[in-house]
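Read the structure below first, then the notes.
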Amino acid sequence: MKKILIVDDHADMRRLLAISAGNEYEVMEAEDGESAFEATRRLRPDAVLLDIMMPGAMDGLQVLDAIRADPALKHIRVAMVTARGQATDLSAGKDHGADAYFVKPFSPLKLLSWLRTQLN
Amino acid sequence: MTTPRSLARLLVKAPLPRQFLRRPLAKQLVWIWLLGLSFMIVLTTGGWLGFQLVIKDRLNSISQFSVDSILQGVQQHIDLNLQRRDFELQRISKLALDTSAPFDAQSTNTVILRADGQTDPRSNPLSPAGLKQAAAALAEHQGQDTGQMHISAPVQNPQTGAWAPQLSRRINDADGRFQGIVLSEWDASEIGSYLLGTLYFDGGVTLLMDLDGRILFKASQAGLGTSSAVPMASLLSPQADKDGASSPSSYLGTLAGIDNIPRLFVWRKLPHYPLYVMKGASKEGIDGLALPAQKLMVTLVLIINGLLLIAAGWMHFYATQVNATLKERQESEQALRGREQRIDLALTGSDSAEWNLHLPENRLYLSAHMATLLGYATESTQHDPENWQRFVHPDDQPKLAPIFALRDSTNDEALVFTLRLRAKNGAYRWMQYRGRITSRDENGKVTLVSGLARDVTEQQITQSIVRDRTAQLDVIFNLSPDAFVSFDHHLKVKYANPAFGHMTGWRDEAIKGMSEAQFSRRLSQLCIAKHPFGSLAAMRAATLASGSAAEALIELNSVPQRILRINLQLSDAPTVSQILYLRDVTHETIVEGMKTEFLATAAHELRTPMASIVGFAEILCTHPLQQAEQLEFAEIIWRQSLHLAGILDELLDLSRIEARGGKGLLLESLDLSAQVDEVIKAFHLPEGREAPAVNLPPLTCKADRDKVRQVLNNVISNAYKFSGPGTGITITPAKPAVHPVSGRRLIGLVVQDAGIGMTPEQLARVFERFYRADKTGAIPGNGLGLSISREIMELMGGQVIIASTPQQGTTVSLMFEQFYEPPQLLPPARPSSLPTLTTMA
């Protein structure tokens, strides 16, 4: 079963994302950027759902940079799931190497459909 | 080198009468030369005539004189001869009686005639004419006895042609009886040789004639000789005397019988003898005599003519000089008059008037124009300074004192004083008097000050307008909170207002004259990289390209942060080429930044619950779920919706407060303790918790009732949220303080809890919007409460101060402005000693 890492500082959001991912994937969670990156390196998920605004030293974009910088983690699909919805934010995400960008509130069905597309 | 004019001055002036000199020059010269020439002609003519008359007369008298002298000589000669002959005759007469006595008749040329008429044989022979004459003499002597020698008329010798008179004497015997005569013929040529010696005129002639004019002897240069007679009868003047002196007579011309040469003949009768002596001087001779005199006369005439010419020339020259001088004087007078006229016109045209102040007499002379300028009747006035002073505006009177003190002034600088003078219509006009000290007496005291006065009312008005305007502009520029820097046409800094110095830390003196490039360099040095400054040249190019003033945002490298919005305006004005405007937009920018940040944060805070609501709602609708799950998800939706609603409420509240500022607040005097009680009463205590312990005295503060409750609610709610069960909340009075900005006295209360407290990092961010110390969501809240509370407190002039120790608790101090009763206005106490004022008439 493919693994998905969910990163968000809100508990409810993590729950929602987990539900959205459905039963098809194994779901792992992280609360902040540093533990997210750590988990990514250790657990090698196939996809990461990444919030941007999180407390701590690393925010979502920095985690994305770290993942992309690591050749071992190249294959991992990363989607930003964030309240930042400006055009500049979207292009920033793209520039940092995100594979997808979901603006909150998002449709869980659409998210699932993306996951399926990427991982199946 | 003396000019002719001064030469004329050196010479004696020609005595030309004034009237004469007034005539036109041509006429004068004509007159002078006419007179001169007439004089010369008259002189020459007179001289010539005079010469003719006088000289001739002189010559005449010379001739007369010479004749007289000849006459005398001849007279004497004849007398002498006759005397000798007489003596001889007497001797011979004695001898004659004795017929035997011999005598030399030839050498004596003597003839004796006896009484009977017979010639004594001893005598010379006589010519027949002579014999005839002798016979007549015999008869004459016979008739009488004169005892004298008789002289007869001359008898001509037929051989020699010489004339000789006969000299005879009576011979008496011892008894006195007539015995005959003794006779001798005297050759007149004897006289002739004498006469020859008297010739001293060239071509002159001397004659000896008898009374009938028969020439007895003629002597001339040509030689001796006798000839015919001179027509004496026609020559003899009627007044000729026979005896003694005869009046001089002369004849100028040719005399027939002499020769054809015209001569001046002068004759005289010998006083005792019947003879005429005549001298004839030829014209050449006379002329020759006249020549020196003539030369003299000519010389004299020439000299005098020359003098006359010089005199005429002199007068001519003098007249021309005088004329030229007069003309010059006339012209300069005209020029002077013209100039005077022009000056008058210029003065009138420029509204100026002359003035002179005579200091010893203290008389002020003002030209007529001054009166005109002030609207009074035109008259040149001499004013006493005191009189003039009455026209001067009272405020300007002090300016007059130094004018009268000029008497002792020692410097010669130009004087300017500007006074208001009262015009006829009562209004005051500004007059500017400009002048100099123009004369001092021998002690150096000022005697005369002169100058021009001008009406400068308009200029004064303009100047005061300009001054006011400048003052106004100065105030505006100096007080303007916006900064600006102006550049002249060489793109050098011309002016920077004080605000610029405050904004950038530059001082004005360092800036003025800076070139644009220097200025740009320095300004960019002051900016940080985030908002750099390029250059003025670039801004100018941008302005020209875009057609509107180029704007930029720069940030200075300063603490605190300073952000300036600058724009460059170009100008066509003659003195300013461009102006750089700077406005401190730090606050606005920060606020903008904060707003943006807030919006971003708000968006985030709103979106997060929304994401849960939408997401879970979709899952509920699309996924088949267990009932427990369904319930769970519905509950999440509910919870998040409420949270969202709370955020929205507070956001709206915040925006309302921000929009209204302090306007929405109804400040009144409130008793804080009463409010606290009210709030606690309405407060929904969490389960298992006690109400706060309140220990407050009455605190009257200035606040808005509703807002105070809102704040109290928020603070108390927080206290409960962040403390656990078993701990209490206390509300106690706060120490009075002073507001750091307004300086007003603050009073308030302190809400203390014994809860989890905050770390210093958390404490630093506690007032941030949406900041929640607890991110987990375990403690409800949206992070807006405290920021709203602080906003409210500050709007009411108060403060919120939070202190906290982790794990020990937090204290929140709420400070309010103390409420003061506005002071009542009491009527002023009237001191009894003051007199009542009466208005002065």
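Going by the structure tokens order, chains are called A, B, ..., each with residues numbered from 1, while ligands are numbered from 1 in the order shown.
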So which bits of segment 601-792 of chain B end up helix (DSSP H, G or I) when you DSSP the backbone, as a VMD selection string? chain B and resid 601 to 622 627 to 660 672 to 682 705 to 721 760 to 764 785 to 792
Any chance you could list, as a list in words, the residues in chain A that come up strand (DSSP E or B) when DSSP is run on the backbone? Lys3, Ile4, Leu5, Ile6, Val7, Glu26, Val27, Met28, Glu29, Ala30, Ala47, Val48, Leu49, Leu50, Arg77, Val78, Ala79, Met80, Val81, Thr82, Ala100, Tyr101, Phe102 and Val103 of chain A
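The part of chain B that reaches within 8 Å of chain A is made up of Ala600, Ala603, His604, Arg607, Thr608, Met610, Ala611, Ser612, Val614, Gly615, Phe616, Glu618, Ile619, Ile636, Lys775, Thr776 and Gly777 of chain B, counting only C-alpha atoms.
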Residues of the last selection are to be written out with N, CA and C atoms, as a short mmCIF file (atom, residue, chain, number, x, y, z; two decimals), in the first residue's frame.
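The new file selection-v7.cif reads:
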data_model
loop_
_atom_site.label_atom_id
_atom_site.label_comp_id
_atom_site.auth_asym_id
_atom_site.auth_seq_id
_atom_site.Cartn_x
_atom_site.Cartn_y
_atom_site.Cartn_z
N ALA B 600 -3.86 38.48 5.12
CA ALA B 600 -3.36 37.14 4.84
C ALA B 600 -3.67 36.21 6.02
N ALA B 603 -7.35 35.68 6.22
CA ALA B 603 -7.77 34.72 5.19
C ALA B 603 -7.46 33.30 5.64
N HIS B 604 -6.27 33.22 6.15
CA HIS B 604 -5.86 31.90 6.62
C HIS B 604 -6.76 31.40 7.74
N ARG B 607 -10.11 30.57 6.39
CA ARG B 607 -10.12 29.42 5.46
C ARG B 607 -9.97 28.08 6.20
N THR B 608 -9.20 28.18 7.28
CA THR B 608 -8.94 26.89 7.96
C THR B 608 -10.24 26.24 8.47
N MET B 610 -13.19 26.84 7.46
CA MET B 610 -13.97 26.60 6.26
C MET B 610 -13.57 25.30 5.60
N ALA B 611 -12.25 25.08 5.59
CA ALA B 611 -11.77 23.83 4.97
C ALA B 611 -12.36 22.63 5.67
N SER B 612 -12.38 22.68 7.01
CA SER B 612 -12.99 21.56 7.76
C SER B 612 -14.46 21.43 7.41
N VAL B 614 -16.24 22.52 4.82
CA VAL B 614 -16.49 22.08 3.44
C VAL B 614 -16.08 20.63 3.25
N GLY B 615 -14.87 20.36 3.76
CA GLY B 615 -14.34 19.01 3.55
C GLY B 615 -15.22 17.96 4.17
N PHE B 616 -15.52 18.17 5.45
CA PHE B 616 -16.34 17.16 6.11
C PHE B 616 -17.73 17.11 5.55
N GLU B 618 -18.55 17.54 2.51
CA GLU B 618 -18.48 16.77 1.28
C GLU B 618 -18.37 15.27 1.56
N ILE B 619 -17.56 14.99 2.56
CA ILE B 619 -17.39 13.57 2.90
C ILE B 619 -18.71 12.99 3.37
N ILE B 636 -17.86 18.07 14.10
CA ILE B 636 -16.72 18.89 13.68
C ILE B 636 -17.21 20.10 12.89
N LYS B 775 -1.75 26.37 20.08
CA LYS B 775 -2.10 26.13 18.69
C LYS B 775 -2.92 24.86 18.51
N THR B 776 -2.93 24.14 19.55
CA THR B 776 -3.58 22.82 19.39
C THR B 776 -5.07 22.95 19.19
N GLY B 777 -5.58 24.03 19.65
CA GLY B 777 -7.03 24.16 19.55
C GLY B 777 -7.72 23.68 20.82
#
Mind checking which residues fall within 8 Å of segment 46-48 of chain A, counting only C-alpha atoms, ignoring those fewer than 6 positions away in the same chain, and posting them as a ChimeraX atom specification? /A:2-7,75-79,115,119
Using N, CA, C and O atoms, can you export the residues from the last selection as a tab-separated table (two decimals), in the first residue's frame?
chain	number	residue	atom	x	y	z
A	2	LYS	N	0.44	2.22	-0.80
A	2	LYS	CA	1.26	3.43	-0.87
A	2	LYS	C	1.09	4.26	0.37
A	2	LYS	O	0.04	4.25	1.01
A	3	LYS	N	2.16	5.01	0.65
A	3	LYS	CA	2.14	5.76	1.91
A	3	LYS	C	1.97	7.23	1.60
A	3	LYS	O	2.51	7.76	0.62
A	4	ILE	N	1.21	7.86	2.45
A	4	ILE	CA	1.00	9.31	2.29
A	4	ILE	C	1.31	9.99	3.62
A	4	ILE	O	0.86	9.54	4.68
A	5	LEU	N	2.07	11.08	3.52
A	5	LEU	CA	2.38	11.87	4.72
A	5	LEU	C	1.51	13.11	4.71
A	5	LEU	O	1.50	13.88	3.73
A	6	ILE	N	0.81	13.31	5.83
A	6	ILE	CA	-0.06	14.48	5.96
A	6	ILE	C	0.60	15.45	6.93
A	6	ILE	O	0.91	15.07	8.06
A	7	VAL	N	0.77	16.70	6.49
A	7	VAL	CA	1.44	17.68	7.37
A	7	VAL	C	0.51	18.87	7.55
A	7	VAL	O	0.17	19.56	6.58
A	75	HIS	N	11.38	11.15	-6.08
A	75	HIS	CA	10.15	10.54	-6.65
A	75	HIS	C	8.90	10.94	-5.90
A	75	HIS	O	7.80	10.63	-6.32
A	76	ILE	N	9.06	11.53	-4.76
A	76	ILE	CA	7.89	11.80	-3.91
A	76	ILE	C	7.04	12.89	-4.53
A	76	ILE	O	7.53	13.95	-4.92
A	77	ARG	N	5.72	12.62	-4.59
A	77	ARG	CA	4.78	13.62	-5.10
A	77	ARG	C	4.41	14.53	-3.94
A	77	ARG	O	4.08	14.04	-2.85
A	78	VAL	N	4.46	15.85	-4.16
A	78	VAL	CA	4.13	16.80	-3.08
A	78	VAL	C	3.02	17.73	-3.55
A	78	VAL	O	3.12	18.34	-4.63
A	79	ALA	N	1.96	17.79	-2.72
A	79	ALA	CA	0.87	18.73	-3.00
A	79	ALA	C	0.78	19.72	-1.84
A	79	ALA	O	0.77	19.29	-0.68
A	115	LEU	N	-4.60	12.09	-5.93
A	115	LEU	CA	-3.75	11.05	-5.35
A	115	LEU	C	-3.76	9.80	-6.22
A	115	LEU	O	-2.73	9.21	-6.50
A	119	LEU	N	-0.47	8.23	-7.87
A	119	LEU	CA	0.15	7.06	-7.25
A	119	LEU	C	-0.27	5.73	-7.91
A	119	LEU	O	0.38	4.71	-7.69
Near-Leu544 of chain B list (12 Å; only C-alpha atoms; drop same-chain fewer than 4 positions) as a PDB file with N, CA and C atoms, in the first residue's frame:
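The resulting file, out38.pdb, is shown below:
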ATOM      1  N   ALA B 537      18.541  61.751 -11.839  1.00  0.00           N
ATOM      2  CA  ALA B 537      18.564  61.785 -13.302  1.00  0.00           C
ATOM      3  C   ALA B 537      17.643  60.723 -13.861  1.00  0.00           C
ATOM      4  N   ALA B 538      17.692  59.533 -13.230  1.00  0.00           N
ATOM      5  CA  ALA B 538      16.840  58.442 -13.684  1.00  0.00           C
ATOM      6  C   ALA B 538      15.376  58.806 -13.474  1.00  0.00           C
ATOM      7  N   MET B 539      15.087  59.431 -12.330  1.00  0.00           N
ATOM      8  CA  MET B 539      13.700  59.817 -12.043  1.00  0.00           C
ATOM      9  C   MET B 539      13.228  60.845 -13.046  1.00  0.00           C
ATOM     10  N   ARG B 540      14.140  61.748 -13.390  1.00  0.00           N
ATOM     11  CA  ARG B 540      13.763  62.786 -14.334  1.00  0.00           C
ATOM     12  C   ARG B 540      13.449  62.170 -15.680  1.00  0.00           C
ATOM     13  N   SER B 548       4.194  61.999 -16.364  1.00  0.00           N
ATOM     14  CA  SER B 548       3.743  62.399 -15.032  1.00  0.00           C
ATOM     15  C   SER B 548       4.892  62.209 -14.058  1.00  0.00           C
ATOM     16  N   ALA B 549       4.777  62.878 -12.896  1.00  0.00           N
ATOM     17  CA  ALA B 549       5.885  62.860 -11.938  1.00  0.00           C
ATOM     18  C   ALA B 549       6.229  61.444 -11.518  1.00  0.00           C
ATOM     19  N   ALA B 550       7.523  61.130 -11.604  1.00  0.00           N
ATOM     20  CA  ALA B 550       7.965  59.778 -11.230  1.00  0.00           C
ATOM     21  C   ALA B 550       7.959  59.651  -9.715  1.00  0.00           C
ATOM     22  N   LEU B 568       9.301  63.367  -8.044  1.00  0.00           N
ATOM     23  CA  LEU B 568      10.062  64.429  -8.668  1.00  0.00           C
ATOM     24  C   LEU B 568       9.160  65.208  -9.622  1.00  0.00           C
ATOM     25  N   GLN B 569       9.028  66.509  -9.345  1.00  0.00           N
ATOM     26  CA  GLN B 569       8.227  67.344 -10.229  1.00  0.00           C
ATOM     27  C   GLN B 569       9.165  68.230 -11.035  1.00  0.00           C
ATOM     28  N   LEU B 570       8.938  68.265 -12.344  1.00  0.00           N
ATOM     29  CA  LEU B 570       9.756  69.139 -13.180  1.00  0.00           C
ATOM     30  C   LEU B 570       9.040  70.474 -13.346  1.00  0.00           C
ATOM     31  N   SER B 571       9.814  71.510 -13.562  1.00  0.00           N
ATOM     32  CA  SER B 571       9.198  72.835 -13.612  1.00  0.00           C
ATOM     33  C   SER B 571       9.763  73.656 -14.768  1.00  0.00           C
ATOM     34  N   GLN B 578      13.512  71.681 -10.963  1.00  0.00           N
ATOM     35  CA  GLN B 578      12.789  70.504 -10.490  1.00  0.00           C
ATOM     36  C   GLN B 578      12.695  70.549  -8.965  1.00  0.00           C
TER      37      GLN B 578
END
Quick one: everything within 8 Å of Gln675 of chain B, counting only C-alpha atoms, minus sequence neighbours fewer than 6 positions away in the same chain. Send it as a VMD selection string. chain B and resid 705 708 to 709
Any chance you could export the current selection's N, CA, C and O atoms as a PDB file, in the first residue's frame?
ATOM      1  N   ARG B 705     -18.925  52.708  28.403  1.00  0.00           N
ATOM      2  CA  ARG B 705     -19.484  51.634  29.224  1.00  0.00           C
ATOM      3  C   ARG B 705     -19.424  50.266  28.556  1.00  0.00           C
ATOM      4  O   ARG B 705     -18.902  49.306  29.098  1.00  0.00           O
ATOM      5  N   VAL B 708     -15.912  48.981  27.909  1.00  0.00           N
ATOM      6  CA  VAL B 708     -15.260  48.547  29.156  1.00  0.00           C
ATOM      7  C   VAL B 708     -15.689  47.129  29.477  1.00  0.00           C
ATOM      8  O   VAL B 708     -14.870  46.275  29.833  1.00  0.00           O
ATOM      9  N   ARG B 709     -16.974  46.883  29.336  1.00  0.00           N
ATOM     10  CA  ARG B 709     -17.480  45.535  29.636  1.00  0.00           C
ATOM     11  C   ARG B 709     -16.891  44.504  28.695  1.00  0.00           C
ATOM     12  O   ARG B 709     -16.543  43.380  29.115  1.00  0.00           O
TER      13      ARG B 709
END
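Residues with any atom within 9 Å of Gln818 of chain B, counting only C-alpha atoms and excluding same-chain neighbours fewer than 2 positions away, are Ser669, Leu699, Thr700, Cys701, Lys702, Arg744, Arg745, Leu746, Ile747, Gly748, Met815, Phe816 and Tyr820 of chain B.
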Selection to disk with all heavy atoms, as a compact mmCIF listing (two decimals), in the first residue's frame:
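Output file result03.txt is given in full below:
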# COMPACT_ATOMS: atom_id res chain seq x y z
N SER B 669 -18.13 59.29 32.75
CA SER B 669 -17.49 58.91 34.01
C SER B 669 -18.15 57.60 34.51
O SER B 669 -19.37 57.49 34.61
CB SER B 669 -17.65 60.03 35.03
OG SER B 669 -18.90 59.91 35.70
N LEU B 699 -13.70 53.43 41.58
CA LEU B 699 -12.68 54.04 40.69
C LEU B 699 -13.44 54.77 39.59
O LEU B 699 -14.06 54.16 38.73
CB LEU B 699 -11.82 52.95 40.06
CG LEU B 699 -10.81 52.26 40.96
CD1 LEU B 699 -10.26 51.02 40.27
CD2 LEU B 699 -9.67 53.22 41.30
N THR B 700 -13.36 56.08 39.64
CA THR B 700 -14.06 56.85 38.60
C THR B 700 -13.10 57.09 37.44
O THR B 700 -12.05 57.71 37.60
CB THR B 700 -14.53 58.20 39.16
OG1 THR B 700 -15.10 57.99 40.45
CG2 THR B 700 -15.56 58.81 38.23
N CYS B 701 -13.50 56.52 36.31
CA CYS B 701 -12.63 56.74 35.16
C CYS B 701 -13.45 57.20 33.98
O CYS B 701 -14.66 57.15 33.97
CB CYS B 701 -11.89 55.45 34.81
SG CYS B 701 -13.03 54.13 34.36
N LYS B 702 -12.75 57.65 32.98
CA LYS B 702 -13.40 58.14 31.76
C LYS B 702 -13.37 57.01 30.76
O LYS B 702 -12.31 56.60 30.28
CB LYS B 702 -12.60 59.33 31.24
CG LYS B 702 -13.32 60.05 30.10
CD LYS B 702 -12.71 61.42 29.88
CE LYS B 702 -11.58 61.33 28.90
NZ LYS B 702 -11.12 62.63 28.44
N ARG B 744 -1.41 62.00 30.94
CA ARG B 744 -2.55 62.06 31.87
C ARG B 744 -2.45 60.97 32.93
O ARG B 744 -1.80 59.94 32.75
CB ARG B 744 -3.85 61.88 31.08
CG ARG B 744 -4.09 63.02 30.10
CD ARG B 744 -5.57 63.37 30.00
NE ARG B 744 -5.73 64.52 29.12
CZ ARG B 744 -5.93 64.42 27.81
NH1 ARG B 744 -6.00 63.23 27.25
NH2 ARG B 744 -6.08 65.50 27.10
N ARG B 745 -3.15 61.24 33.99
CA ARG B 745 -3.12 60.30 35.12
C ARG B 745 -4.01 59.10 34.83
O ARG B 745 -5.13 59.25 34.34
CB ARG B 745 -3.65 61.02 36.37
CG ARG B 745 -3.31 60.33 37.66
CD ARG B 745 -3.66 61.27 38.80
NE ARG B 745 -4.30 60.55 39.89
CZ ARG B 745 -3.65 59.85 40.81
NH1 ARG B 745 -2.33 59.78 40.77
NH2 ARG B 745 -4.30 59.21 41.75
N LEU B 746 -3.47 57.94 35.07
CA LEU B 746 -4.21 56.71 34.79
C LEU B 746 -4.46 55.92 36.09
O LEU B 746 -3.56 55.82 36.93
CB LEU B 746 -3.43 55.80 33.83
CG LEU B 746 -3.08 56.41 32.47
CD1 LEU B 746 -2.19 55.46 31.69
CD2 LEU B 746 -4.33 56.70 31.67
N ILE B 747 -5.68 55.38 36.16
CA ILE B 747 -6.01 54.49 37.30
C ILE B 747 -6.65 53.22 36.73
O ILE B 747 -7.13 53.25 35.59
CB ILE B 747 -6.99 55.15 38.28
CG1 ILE B 747 -8.22 55.68 37.52
CG2 ILE B 747 -6.32 56.29 39.02
CD1 ILE B 747 -9.34 56.07 38.43
N GLY B 748 -6.66 52.16 37.48
CA GLY B 748 -7.26 50.94 36.91
C GLY B 748 -7.24 49.76 37.87
O GLY B 748 -7.16 49.92 39.09
N MET B 815 -5.56 50.04 32.59
CA MET B 815 -5.43 51.42 33.07
C MET B 815 -6.35 52.33 32.28
O MET B 815 -6.36 52.28 31.05
CB MET B 815 -3.98 51.91 32.93
CG MET B 815 -2.95 50.99 33.54
SD MET B 815 -3.20 50.70 35.32
CE MET B 815 -2.87 52.32 35.97
N PHE B 816 -7.11 53.10 33.04
CA PHE B 816 -8.07 54.03 32.42
C PHE B 816 -7.71 55.45 32.77
O PHE B 816 -7.12 55.70 33.83
CB PHE B 816 -9.48 53.74 32.92
CG PHE B 816 -9.98 52.38 32.56
CD1 PHE B 816 -9.68 51.29 33.39
CD2 PHE B 816 -10.75 52.18 31.44
CE1 PHE B 816 -10.15 50.03 33.06
CE2 PHE B 816 -11.22 50.93 31.12
CZ PHE B 816 -10.93 49.83 31.92
N TYR B 820 -12.05 63.60 35.48
CA TYR B 820 -11.97 64.87 36.22
C TYR B 820 -13.22 65.65 35.97
O TYR B 820 -13.71 65.72 34.86
CB TYR B 820 -10.78 65.69 35.75
CG TYR B 820 -9.47 65.21 36.29
CD1 TYR B 820 -8.55 64.60 35.45
CD2 TYR B 820 -9.16 65.35 37.63
CE1 TYR B 820 -7.36 64.15 35.94
CE2 TYR B 820 -7.96 64.90 38.12
CZ TYR B 820 -7.05 64.30 37.27
OH TYR B 820 -5.87 63.84 37.76
Determine, counting only C-alpha atoms, which protein, DNA and RNA residues have an atom within 9 Å of an atom of Met1 of chain A; residues of the same chain fewer than 5 positions away are not included. Present the result as a list in words. Glu24, Tyr25 and Glu26 of chain A
Expected file contents, prior selection, N, CA, C and O atoms, as a JSON list (two decimals), in the first residue's frame:
[["chain", "number", "residue", "atom", "x", "y", "z"],
["A", 24, "GLU", "N", -7.40, 3.66, 0.94],
["A", 24, "GLU", "CA", -6.50, 3.08, -0.07],
["A", 24, "GLU", "C", -5.03, 3.23, 0.27],
["A", 24, "GLU", "O", -4.17, 2.56, -0.29],
["A", 25, "TYR", "N", -4.77, 4.19, 1.13],
["A", 25, "TYR", "CA", -3.35, 4.44, 1.38],
["A", 25, "TYR", "C", -3.08, 4.40, 2.86],
["A", 25, "TYR", "O", -3.96, 4.64, 3.68],
["A", 26, "GLU", "N", -1.82, 4.17, 3.15],
["A", 26, "GLU", "CA", -1.40, 4.24, 4.54],
["A", 26, "GLU", "C", -1.11, 5.72, 4.85],
["A", 26, "GLU", "O", -0.40, 6.39, 4.10]]
Between A:Ala72, A:Val63, A:Ala98, A:Gln118, which residue has the minimum interatomic distance to Glu34 of chain A, considering only C-alpha atoms?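 Distance minimum relative to Glu34 of chain A lands on A:Val63.
Straight-line separation from atom CA of Lys492 of chain B to atom CA of Gln472 of chain B: 25.0 Å.
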